[in-house]
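Student: Data file structure_36.cif (mmCIF, C-alpha atoms) is appended below.
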data_final
#
loop_
_atom_site.label_atom_id
_atom_site.label_comp_id
_atom_site.auth_asym_id
_atom_site.auth_seq_id
_atom_site.Cartn_x
_atom_site.Cartn_y
_atom_site.Cartn_z
CA MET A 149 -13.29 65.23 21.33
CA ALA A 150 -14.54 64.57 17.82
CA GLN A 151 -11.78 63.92 15.35
CA GLU A 152 -11.69 66.06 12.21
CA PRO A 153 -12.49 63.98 9.12
CA ASN A 154 -9.56 63.37 6.82
CA PRO A 155 -9.33 65.52 3.73
CA ARG A 156 -10.20 63.97 0.41
CA TYR A 157 -7.73 64.59 -2.34
CA ILE A 158 -8.58 64.52 -6.01
CA VAL A 159 -6.13 62.87 -8.40
CA ARG A 160 -5.41 65.56 -10.99
CA GLU A 161 -2.84 63.67 -13.02
CA THR A 162 -0.74 60.52 -12.90
CA ILE A 163 2.81 60.30 -14.25
CA ILE A 164 4.80 57.11 -14.86
CA GLU A 165 8.28 57.97 -13.53
CA ALA A 166 10.08 54.63 -13.93
CA PRO A 167 9.08 50.97 -14.22
CA GLY A 168 6.43 50.40 -11.51
CA VAL A 169 6.69 53.94 -10.13
CA THR A 170 3.84 56.43 -10.47
CA THR A 171 3.44 60.01 -9.27
CA LEU A 172 -0.05 61.04 -8.25
CA ARG A 173 -0.60 64.78 -8.48
CA LEU A 174 -3.22 65.64 -5.88
CA SER A 175 -5.13 68.64 -4.67
CA LEU A 176 -8.16 69.23 -2.51
CA ALA A 177 -11.65 69.50 -4.00
CA LYS A 178 -11.40 73.23 -4.74
CA GLY A 179 -7.91 72.92 -6.16
CA SER A 180 -6.01 74.09 -3.10
CA VAL A 181 -3.13 72.27 -1.44
CA PRO A 182 -2.50 72.11 2.33
CA LYS A 183 0.68 73.69 3.67
CA TYR A 184 3.67 71.46 4.10
CA VAL A 185 7.41 71.40 4.56
CA PRO A 186 9.63 69.35 2.21
CA GLY A 187 10.27 66.02 3.95
CA GLN A 188 6.76 65.63 5.33
CA PHE A 189 4.34 62.85 4.39
CA ILE A 190 0.64 62.18 4.19
CA THR A 191 -1.03 59.02 5.41
CA VAL A 192 -3.31 57.57 2.77
CA TYR A 193 -6.36 55.57 3.83
CA ALA A 194 -8.12 52.80 1.95
CA PRO A 195 -9.87 50.81 4.68
CA GLU A 196 -11.52 48.57 2.11
CA LEU A 197 -8.09 47.03 1.55
CA GLY A 198 -7.95 45.84 5.16
CA THR A 199 -5.41 48.41 6.34
CA PRO A 200 -7.40 50.73 8.65
CA GLU A 201 -4.26 52.52 9.86
CA GLY A 202 -3.43 53.62 6.31
CA LYS A 203 0.03 53.96 4.84
CA ALA A 204 2.42 56.89 4.86
CA TYR A 205 3.78 58.36 1.62
CA SER A 206 6.39 61.10 1.46
CA ILE A 207 5.41 64.20 -0.47
CA SER A 208 7.53 64.49 -3.59
CA SER A 209 6.39 67.94 -4.74
CA ALA A 210 7.72 71.24 -3.39
CA PRO A 211 5.46 73.80 -1.71
CA HIS A 212 5.67 76.20 -4.65
CA GLU A 213 4.18 73.61 -7.00
CA LYS A 214 0.47 73.62 -7.78
CA THR A 215 -0.25 70.08 -6.64
CA LEU A 216 0.76 67.93 -3.71
CA ASN A 217 2.45 64.90 -5.23
CA ILE A 218 3.16 61.46 -3.86
CA THR A 219 5.38 59.08 -5.79
CA VAL A 220 4.48 55.45 -5.25
CA LYS A 221 6.31 52.24 -6.07
CA ASP A 222 3.96 49.41 -6.92
CA MET A 223 5.11 46.72 -4.47
CA GLY A 224 1.95 45.42 -2.78
CA LYS A 225 -1.82 45.54 -2.65
CA PHE A 226 -2.02 49.03 -1.20
CA SER A 227 0.54 50.64 -3.48
CA HIS A 228 -0.96 48.83 -6.48
CA TYR A 229 -4.31 50.38 -5.60
CA LEU A 230 -2.71 53.84 -5.56
CA CYS A 231 -0.79 53.31 -8.78
CA SER A 232 -4.08 52.30 -10.43
CA ARG A 233 -5.86 55.58 -9.59
CA LYS A 234 -7.02 57.68 -12.52
CA PRO A 235 -7.46 61.45 -12.88
CA GLY A 236 -10.69 62.46 -11.13
CA ASP A 237 -10.53 59.65 -8.56
CA GLU A 238 -10.66 60.57 -4.87
CA VAL A 239 -8.05 59.52 -2.34
CA GLU A 240 -8.57 59.87 1.41
CA GLY A 241 -5.45 61.13 3.16
CA SER A 242 -4.24 63.00 6.21
CA LEU A 243 -2.86 66.49 6.31
CA PRO A 244 0.94 66.67 5.87
CA TYR A 245 2.90 65.62 8.91
CA GLY A 246 6.39 64.66 10.05
CA TYR A 247 9.79 66.01 11.06
CA PHE A 248 12.10 64.68 8.36
CA PHE A 249 13.74 67.99 7.52
CA SER A 250 16.73 70.04 8.55
CA GLU A 251 15.90 73.10 10.61
CA SER A 252 19.13 74.75 9.49
CA ARG A 253 19.20 76.81 6.31
CA THR A 254 22.97 76.84 6.01
CA SER A 255 24.40 73.39 6.78
CA ALA A 256 25.56 71.28 3.85
CA LEU A 257 23.04 68.53 3.16
CA ALA A 258 23.81 64.96 2.20
CA LEU A 259 20.60 63.36 0.95
CA ILE A 260 20.99 59.58 0.83
CA CYS A 261 18.30 57.35 -0.60
CA GLY A 262 17.56 53.85 -1.72
CA GLY A 263 15.09 53.41 -4.60
CA ILE A 264 11.78 55.15 -4.00
CA GLY A 265 13.32 56.79 -0.92
CA ILE A 266 14.13 59.61 -3.31
CA ALA A 267 10.54 60.95 -3.02
CA PRO A 268 11.07 63.44 -0.13
CA PHE A 269 14.40 64.51 -1.63
CA ARG A 270 12.75 65.58 -4.86
CA SER A 271 10.71 67.94 -2.70
CA MET A 272 13.81 69.22 -0.89
CA LEU A 273 15.82 69.66 -4.08
CA GLN A 274 13.07 71.54 -5.87
CA ALA A 275 12.44 73.75 -2.84
CA GLY A 276 16.17 74.28 -2.32
CA ALA A 277 16.64 75.36 -5.93
CA GLN A 278 14.01 78.07 -5.34
CA GLU A 279 14.76 79.17 -1.79
CA THR A 280 18.40 78.40 -0.95
CA PRO A 281 20.25 78.02 -4.26
CA ARG A 282 23.66 78.61 -2.68
CA ARG A 283 23.30 75.80 -0.20
CA SER A 284 25.64 72.88 -0.74
CA MET A 285 23.62 69.73 -1.40
CA ALA A 286 24.70 66.28 -2.46
CA LEU A 287 22.31 63.49 -3.42
CA PHE A 288 23.44 59.88 -3.10
CA CYS A 289 21.03 57.59 -4.88
CA SER A 290 21.07 53.79 -4.81
CA ASN A 291 19.16 51.73 -7.36
CA ARG A 292 19.32 48.20 -8.70
CA THR A 293 19.58 49.25 -12.35
CA ALA A 294 20.02 52.57 -14.14
CA GLN A 295 16.50 52.15 -15.52
CA ASP A 296 15.14 52.15 -11.96
CA ILE A 297 16.35 55.69 -11.23
CA VAL A 298 13.34 57.85 -10.46
CA PHE A 299 13.36 61.53 -11.57
CA LYS A 300 16.58 60.98 -13.55
CA LYS A 301 15.90 63.72 -16.11
CA MET A 302 14.95 66.23 -13.42
CA LEU A 303 18.08 65.39 -11.42
CA ASP A 304 20.28 65.88 -14.48
CA GLU A 305 18.67 69.25 -15.17
CA LEU A 306 18.93 70.44 -11.57
CA GLN A 307 22.57 69.44 -11.38
CA ALA A 308 23.38 71.18 -14.67
CA ALA A 309 21.73 74.37 -13.43
CA ASP A 310 23.19 74.44 -9.91
CA LYS A 311 26.92 74.16 -9.24
CA ASN A 312 26.19 73.63 -5.53
CA LEU A 313 24.30 70.39 -6.22
CA ARG A 314 26.06 67.11 -6.89
CA VAL A 315 24.20 63.91 -7.74
CA HIS A 316 25.89 60.53 -7.25
CA HIS A 317 24.22 57.38 -8.60
CA PHE A 318 25.11 53.95 -7.23
CA ILE A 319 23.89 50.90 -9.14
CA THR A 320 23.89 47.53 -7.41
CA ARG A 321 22.64 44.91 -9.89
CA GLU A 322 24.20 45.75 -13.25
CA HIS A 323 27.47 47.10 -14.51
CA VAL A 324 27.51 50.83 -15.23
CA GLU A 325 30.09 53.26 -16.55
CA LYS A 326 31.20 56.49 -14.92
CA PRO A 327 29.94 58.91 -13.74
CA MET A 328 27.71 56.27 -12.11
CA THR A 329 29.26 54.01 -9.49
CA ASN A 330 28.96 50.25 -9.28
CA GLY A 331 27.92 48.83 -5.92
CA ARG A 332 26.28 50.01 -2.74
CA ILE A 333 26.52 53.43 -1.16
CA SER A 334 28.99 53.49 1.69
CA ALA A 335 29.61 56.04 4.42
CA LYS A 336 33.18 56.28 3.13
CA ALA A 337 32.00 57.26 -0.36
CA ILE A 338 29.60 59.81 1.09
CA LEU A 339 32.12 61.42 3.42
CA GLU A 340 34.83 61.55 0.74
CA SER A 341 32.47 63.32 -1.64
CA LEU A 342 31.48 66.08 0.73
CA ASP A 343 32.99 69.51 0.90
CA ASN A 344 34.34 69.58 4.45
CA THR A 345 34.43 73.34 4.79
CA GLN A 346 31.02 73.51 6.43
CA PRO A 347 29.11 71.29 8.87
CA ALA A 348 26.98 68.70 7.15
CA GLU A 349 23.69 67.05 7.99
CA PHE A 350 22.77 63.63 6.68
CA LEU A 351 19.24 62.64 5.70
CA LEU A 352 18.62 58.96 5.06
CA CYS A 353 15.50 57.60 3.35
CA GLY A 354 14.88 54.08 2.16
CA SER A 355 14.06 50.60 3.33
CA ILE A 356 14.55 49.84 7.02
CA SER A 357 17.70 47.82 6.34
CA PHE A 358 19.14 50.46 3.98
CA VAL A 359 18.64 53.21 6.55
CA ARG A 360 19.82 51.10 9.48
CA ASP A 361 23.02 49.99 7.75
CA LEU A 362 24.01 53.48 6.61
CA TRP A 363 23.05 55.00 9.97
CA ARG A 364 25.44 52.53 11.63
CA GLU A 365 28.18 53.19 9.08
CA LEU A 366 27.92 56.95 9.47
CA ARG A 367 27.96 56.66 13.27
CA ALA A 368 30.98 54.34 13.10
CA ALA A 369 32.71 56.92 10.89
CA GLY A 370 32.24 59.52 13.62
CA VAL A 371 29.16 61.39 12.38
CA PRO A 372 27.28 62.69 15.45
CA GLU A 373 23.88 61.15 16.09
CA GLU A 374 22.23 64.56 16.04
CA SER A 375 23.45 65.20 12.49
CA ILE A 376 21.53 62.26 11.08
CA TYR A 377 17.83 62.28 10.18
CA THR A 378 16.08 59.09 9.15
CA GLU A 379 12.91 58.05 7.37
CA ALA A 380 12.47 54.35 6.71
CA PHE A 381 9.77 52.16 5.24
CA PHE A 382 8.94 48.48 5.31
CA SER A 383 9.60 47.09 1.86
CA HIS A 384 9.31 43.30 2.01
CA MET B 159 22.70 46.96 24.40
CA ASN B 160 22.76 44.00 26.73
CA GLN B 161 25.67 41.59 26.28
CA ASN B 162 23.27 38.67 25.94
CA ASP B 163 21.20 40.36 23.28
CA GLN B 164 20.46 38.34 20.22
CA LEU B 165 20.02 40.74 17.36
CA CYS B 166 16.78 40.20 15.51
CA ASN B 167 17.15 42.71 12.77
CA ASP B 168 16.63 40.80 9.57
CA GLY B 169 12.86 40.90 9.69
CA THR B 170 12.58 37.12 9.63
CA GLY B 171 13.20 36.23 13.26
CA TRP B 172 10.75 37.06 15.99
CA LEU B 173 13.06 36.59 18.93
CA TYR B 174 13.21 39.65 21.11
CA SER B 175 16.46 40.70 22.70
CA GLU B 176 16.93 40.48 26.46
CA THR B 177 16.84 44.27 26.57
CA VAL B 178 13.50 44.38 24.75
CA LYS B 179 12.06 41.80 27.13
CA ASP B 180 13.39 43.68 30.14
CA HIS B 181 11.81 46.96 29.02
CA PHE B 182 8.54 45.23 28.13
CA PHE B 183 8.21 43.44 31.46
CA HIS B 184 9.63 46.35 33.49
CA PRO B 185 8.79 49.51 31.57
CA ARG B 186 10.58 52.63 32.81
CA ASN B 187 8.84 55.95 33.34
CA ILE B 188 5.34 54.72 32.58
CA LEU B 189 2.50 57.01 33.71
CA LEU B 190 -0.72 55.21 34.49
CA ASP B 191 -2.77 58.23 35.53
CA GLU B 192 -1.96 61.73 34.32
CA LYS B 193 -4.72 63.37 36.40
CA ASN B 194 -2.33 64.98 38.86
CA TYR B 195 0.71 65.15 36.62
CA GLU B 196 1.73 68.66 35.68
CA ALA B 197 3.67 68.42 32.45
CA ASP B 198 5.44 71.19 30.57
CA GLY B 199 4.67 69.54 27.24
CA VAL B 200 2.35 66.79 26.00
CA GLY B 201 2.46 64.82 22.76
CA VAL B 202 -0.06 62.30 21.48
CA VAL B 203 0.25 60.35 18.24
CA GLY B 204 -1.75 57.57 16.62
CA SER B 205 -5.24 56.53 17.60
CA PRO B 206 -6.72 53.40 19.16
CA ALA B 207 -8.81 52.92 16.02
CA CYS B 208 -5.60 52.52 14.06
CA GLY B 209 -4.15 50.02 16.48
CA ASP B 210 -1.50 52.06 18.26
CA MET B 211 -1.64 55.18 20.39
CA MET B 212 1.13 56.88 22.29
CA ALA B 213 1.12 59.75 24.77
CA VAL B 214 4.27 61.36 26.16
CA TRP B 215 4.53 64.00 28.89
CA VAL B 216 7.76 65.92 29.55
CA LYS B 217 9.06 68.25 32.21
CA ILE B 218 11.73 70.68 31.11
CA ASP B 219 14.33 72.65 33.04
CA SER B 220 13.66 76.10 31.60
CA GLY B 221 17.20 77.23 32.43
CA THR B 222 19.14 74.47 30.75
CA LEU B 223 16.39 73.40 28.31
CA ARG B 224 17.02 69.81 29.33
CA ILE B 225 14.39 67.12 29.79
CA THR B 226 14.12 66.33 33.49
CA GLU B 227 11.21 63.90 33.25
CA CYS B 228 9.76 61.95 30.34
CA VAL B 229 6.76 59.75 31.11
CA TRP B 230 4.43 57.96 28.75
CA ARG B 231 1.52 55.62 28.23
CA THR B 232 0.61 53.57 25.20
CA PHE B 233 -2.08 51.44 23.70
CA GLY B 234 0.42 49.39 21.78
CA CYS B 235 2.32 46.16 21.45
CA ALA B 236 5.38 44.79 23.27
CA SER B 237 7.73 46.52 20.84
CA ALA B 238 6.00 49.88 21.30
CA ILE B 239 6.22 49.52 25.07
CA ALA B 240 9.89 48.51 25.05
CA SER B 241 10.83 51.20 22.49
CA THR B 242 9.13 53.99 24.39
CA SER B 243 10.51 52.81 27.70
CA MET B 244 14.01 52.96 26.19
CA MET B 245 13.28 56.32 24.56
CA SER B 246 12.22 57.77 27.93
CA LEU B 247 15.41 56.46 29.50
CA MET B 248 17.60 57.95 26.77
CA ALA B 249 15.80 61.30 27.05
CA THR B 250 16.45 61.61 30.78
CA GLU B 251 19.77 59.87 31.43
CA ASP B 252 23.00 61.77 32.13
CA GLY B 253 21.20 64.87 33.37
CA GLY B 254 18.61 64.83 30.59
CA MET B 255 18.87 65.47 26.87
CA THR B 256 18.78 69.02 25.62
CA LEU B 257 15.66 69.75 23.61
CA ALA B 258 17.78 70.36 20.52
CA ARG B 259 19.33 66.93 20.89
CA ALA B 260 16.06 65.17 21.75
CA LYS B 261 14.46 66.53 18.59
CA ARG B 262 17.06 64.61 16.63
CA MET B 263 16.52 61.28 18.33
CA THR B 264 15.97 58.59 15.71
CA PRO B 265 14.27 55.18 15.75
CA GLU B 266 17.63 53.72 14.74
CA ALA B 267 19.27 54.98 17.95
CA ILE B 268 16.44 53.54 20.06
CA ILE B 269 16.52 50.19 18.25
CA GLU B 270 20.29 50.01 18.59
CA ARG B 271 20.01 50.45 22.37
CA LEU B 272 17.30 47.77 22.44
CA GLY B 273 19.58 45.27 20.73
CA GLY B 274 17.46 45.22 17.59
CA LEU B 275 13.81 44.84 16.61
CA PRO B 276 12.29 42.85 13.76
CA ASP B 277 11.74 45.04 10.69
CA ARG B 278 8.00 44.48 10.99
CA LYS B 279 8.16 46.23 14.36
CA TYR B 280 10.12 49.26 13.20
CA HIS B 281 7.04 51.48 13.17
CA CYS B 282 6.53 50.76 16.88
CA SER B 283 9.77 52.56 17.67
CA VAL B 284 8.66 55.54 15.60
CA LEU B 285 5.59 56.18 17.76
CA GLY B 286 7.50 57.01 20.93
CA HIS B 287 9.96 59.40 19.37
CA LEU B 288 7.21 61.13 17.36
CA ALA B 289 5.19 61.62 20.56
CA LEU B 290 8.30 63.02 22.25
CA ARG B 291 8.79 65.36 19.32
CA GLU B 292 5.17 66.51 19.66
CA ALA B 293 5.65 67.05 23.40
CA ILE B 294 8.71 69.21 22.75
CA GLN B 295 6.81 71.21 20.14
CA ASP B 296 3.97 71.66 22.63
CA TYR B 297 6.47 72.96 25.20
CA GLU B 298 8.06 75.34 22.69
CA GLN B 299 4.68 76.70 21.61
CA ASN B 300 3.48 77.20 25.17
CA HIS B 301 6.69 78.66 26.55
CA GLY B 302 7.93 80.64 23.59
CA ALA B 303 11.11 78.61 23.58
CA ARG B 304 12.88 77.60 20.39
CA THR B 305 15.88 75.33 20.38
#
Show the structure stored in the file as structure tokens.
Tutor:
Amino acid sequence: MAQEPNPRYIVRETIIEAPGVTTLRLSLAKGSVPKYVPGQFITVYAPELGTPEGKAYSISSAPHEKTLNITVKDMGKFSHYLCSRKPGDEVEGSLPYGYFFSESRTSALALICGGIGIAPFRSMLQAGAQETPRRSMALFCSNRTAQDIVFKKMLDELQAADKNLRVHHFITREHVEKPMTNGRISAKAILESLDNTQPAEFLLCGSISFVRDLWRELRAAGVPEESIYTEAFFSH
Amino acid sequence: MNQNDQLCNDGTGWLYSETVKDHFFHPRNILLDEKNYEADGVGVVGSPACGDMMAVWVKIDSGTLRITECVWRTFGCASAIASTSMMSLMATEDGGMTLARAKRMTPEAIIERLGGLPDRKYHCSVLGHLALREAIQDYEQNHGART
């Protein structure tokens, strides 16, 4: 069976989000965007870089937005290539794929990310603000420094506009004042922050070690395995 | 996790745990020829051109919506073989996982049962559970079931 060729996306705009972090706003040649669910990713291909299998990038835009966005941290040859794209450039990528999303529309959501792991949560938060504004959502965001926080302004605005959304920043490599927290995210901090009146689901996104450690902590704290969703990436 | 397992989860060591070695050398539920295998759902992810390919076939008890059989075949490395072998075991043990539960299986749960995998091999554990997820979706689409 012949395999369908991968779509080619056009870079419509690039946005510097934080030091070393760039959002690429993409659409197909005629300006359309393939359907997707917040939490899905596309695999980007650049075989000339010696990575024929491509690399997966979470979609950071929400389906109601005009472009399909990926937000990339410049941490290696492949990501540097992407961060260097200019408007009008073509990028070969797959259609959206993946299962990193809650199928419930009512459970409370704890979105827990390390660094650039915030990308799929931007999509979920923007979509949630449109479609399920009454849903209880809490974002737990770990970064090395306050300057590293991606989408900070958007998070502040969303939180100010939605009393059901709480954003908690944890900073690991510099001292910060409240409301930010010094140190790593812990399962204890997450569980203490949640409103326990409704069942919660936990979505973890970050480096493999970040996700593994918090998955273990949440399990040890009694969170059922089926309430935890994970998406991890290799970051060395 | 085997008592003798040496965790290799820091991404720097390449020692495989005893459990990983056991599942690599003695893979459970492998299907070498699907010609006469009548599955209720099939999932295929990856492609040989990309280096890894995984196919999973499941049989489902339509009354209980539990997985009664989960067989697989891969064009992949030792970690992919061990991860998928363990995944197939987890999906069918104790009377079989419900579809709702199996859809929530994570690479972390599989790796934990394997006694760890090097970080560089994490993606190998993703293949099996994604193929299982595809197989469940295939079953749901073909049988009108939704869990």
Student: Please determine, counting all atoms listed in the file, which residue among A:Gln295, A:Gly179, A:Met285, A:Glu374 has the shortest atom-to-atom distance to Leu257 of chain B.
Tutor: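 Once distances to Leu257 of chain B are computed over all atoms listed in the file, the minimum belongs to A:Glu374.
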Student: What does the structure give for the distance between atom CA of Lys336 of chain A and atom CA of Lys301 of chain A, in Å to one decimal?
Tutor: 26.9 Å
Student: I'd like the residues picked by the PyMOL selection byres ((chain B) within 10 of (chain A)) written out as a ChimeraX atom specification, using the chain letters and numbers from the file.
Tutor: /B:167-169,204-210,258-267,269-270,276-281,284,288,291-292
Student: Once the PyMOL selection byres ((chain B and resi 224-235) around 6) has been applied to the shown file, what residues remain in the selection, as a compact mmCIF listing (two decimals) with C-alpha atoms, in the coordinates of the input?
Tutor:
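Written file, expr_32.txt:
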# COMPACT_ATOMS: atom_id res chain seq x y z
CA ASN B 187 8.84 55.95 33.34
CA ILE B 188 5.34 54.72 32.58
CA LEU B 189 2.50 57.01 33.71
CA ASP B 210 -1.50 52.06 18.26
CA MET B 211 -1.64 55.18 20.39
CA MET B 212 1.13 56.88 22.29
CA ALA B 213 1.12 59.75 24.77
CA VAL B 214 4.27 61.36 26.16
CA TRP B 215 4.53 64.00 28.89
CA VAL B 216 7.76 65.92 29.55
CA LYS B 217 9.06 68.25 32.21
CA ILE B 218 11.73 70.68 31.11
CA ASP B 219 14.33 72.65 33.04
CA THR B 222 19.14 74.47 30.75
CA LEU B 223 16.39 73.40 28.31
CA ALA B 236 5.38 44.79 23.27
CA SER B 237 7.73 46.52 20.84
CA ALA B 238 6.00 49.88 21.30
CA SER B 246 12.22 57.77 27.93
CA THR B 250 16.45 61.61 30.78
CA GLY B 254 18.61 64.83 30.59
CA MET B 255 18.87 65.47 26.87
CA THR B 256 18.78 69.02 25.62
CA LEU B 257 15.66 69.75 23.61
Student: Which is closer to His323 of chain A than all the others in A:Arg292, A:Val298, A:Thr345, A:Gly241, using all atoms listed in the file?
Tutor: A:Arg292
Student: Atom CA of Lys225 of chain A and atom CA of Ile158 of chain A, how far apart in Å?
Tutor: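 Separating atom CA of Ile158 of chain A from atom CA of Lys225 of chain A is a distance of 20.4 Å.
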Student: Can you measure atom CA of Ile333 of chain A to atom CA of His287 of chain B for me? One decimal in Å is fine.
Tutor: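 Going from atom CA of Ile333 of chain A over to atom CA of His287 of chain B, I get 27.0 Å.
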Student: Using all atoms listed in the file, which protein or nucleic acid residues come within 12 Å of Lys326 of chain A? Drop anything in the same chain fewer than 3 positions from it, and give the result as a list in words.
Tutor: Ala294, His316, His317, Phe318, Ile319, His323, Thr329 and Asn330 of chain A
Student: Could you check which of A:Ile218, A:Cys289, A:Glu349, A:Leu259 is closest to Gly331 of chain A, using all atoms listed in the file?
Tutor: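 For Gly331 of chain A, the nearest of the candidates is A:Cys289.
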Student: Which residues are close to Val185 of chain A, i.e. within 10 Å by all atoms listed in the file, leaving aside same-chain residues fewer than 2 positions away? Reply as an MDAnalysis selection string.
Tutor: chainID A and resid 183 187:189 207 209:211 244:249 268 271:272 275
Student: Please write the residues from the selection above to a file, keeping C-alpha atoms, as an mmCIF file, in the coordinates of the input.
Tutor:
data_model
loop_
_atom_site.group_PDB
_atom_site.id
_atom_site.type_symbol
_atom_site.label_atom_id
_atom_site.label_comp_id
_atom_site.auth_asym_id
_atom_site.auth_seq_id
_atom_site.Cartn_x
_atom_site.Cartn_y
_atom_site.Cartn_z
ATOM 1 C CA LYS A 183 0.680 73.690 3.670
ATOM 2 C CA GLY A 187 10.270 66.020 3.950
ATOM 3 C CA GLN A 188 6.760 65.630 5.330
ATOM 4 C CA PHE A 189 4.340 62.850 4.390
ATOM 5 C CA ILE A 207 5.410 64.200 -0.470
ATOM 6 C CA SER A 209 6.390 67.940 -4.740
ATOM 7 C CA ALA A 210 7.720 71.240 -3.390
ATOM 8 C CA PRO A 211 5.460 73.800 -1.710
ATOM 9 C CA PRO A 244 0.940 66.670 5.870
ATOM 10 C CA TYR A 245 2.900 65.620 8.910
ATOM 11 C CA GLY A 246 6.390 64.660 10.050
ATOM 12 C CA TYR A 247 9.790 66.010 11.060
ATOM 13 C CA PHE A 248 12.100 64.680 8.360
ATOM 14 C CA PHE A 249 13.740 67.990 7.520
ATOM 15 C CA PRO A 268 11.070 63.440 -0.130
ATOM 16 C CA SER A 271 10.710 67.940 -2.700
ATOM 17 C CA MET A 272 13.810 69.220 -0.890
ATOM 18 C CA ALA A 275 12.440 73.750 -2.840
#
Student: For a quick check of understanding, using all atoms listed in the file, which of B:Leu173, B:Met248, B:Val200, B:Val178 has the smallest distance to Asn300 of chain B?
Tutor: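 Smallest separation from Asn300 of chain B among the options: B:Val200.
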Student: Please identify all polymer residues lying at most 9 Å from the point (-10.5, 65.5, 3.5) (file coordinates), using all atoms listed in the file, and present the result as number ranges by chain.
Tutor: A: 152-157, 176-177, 239-243
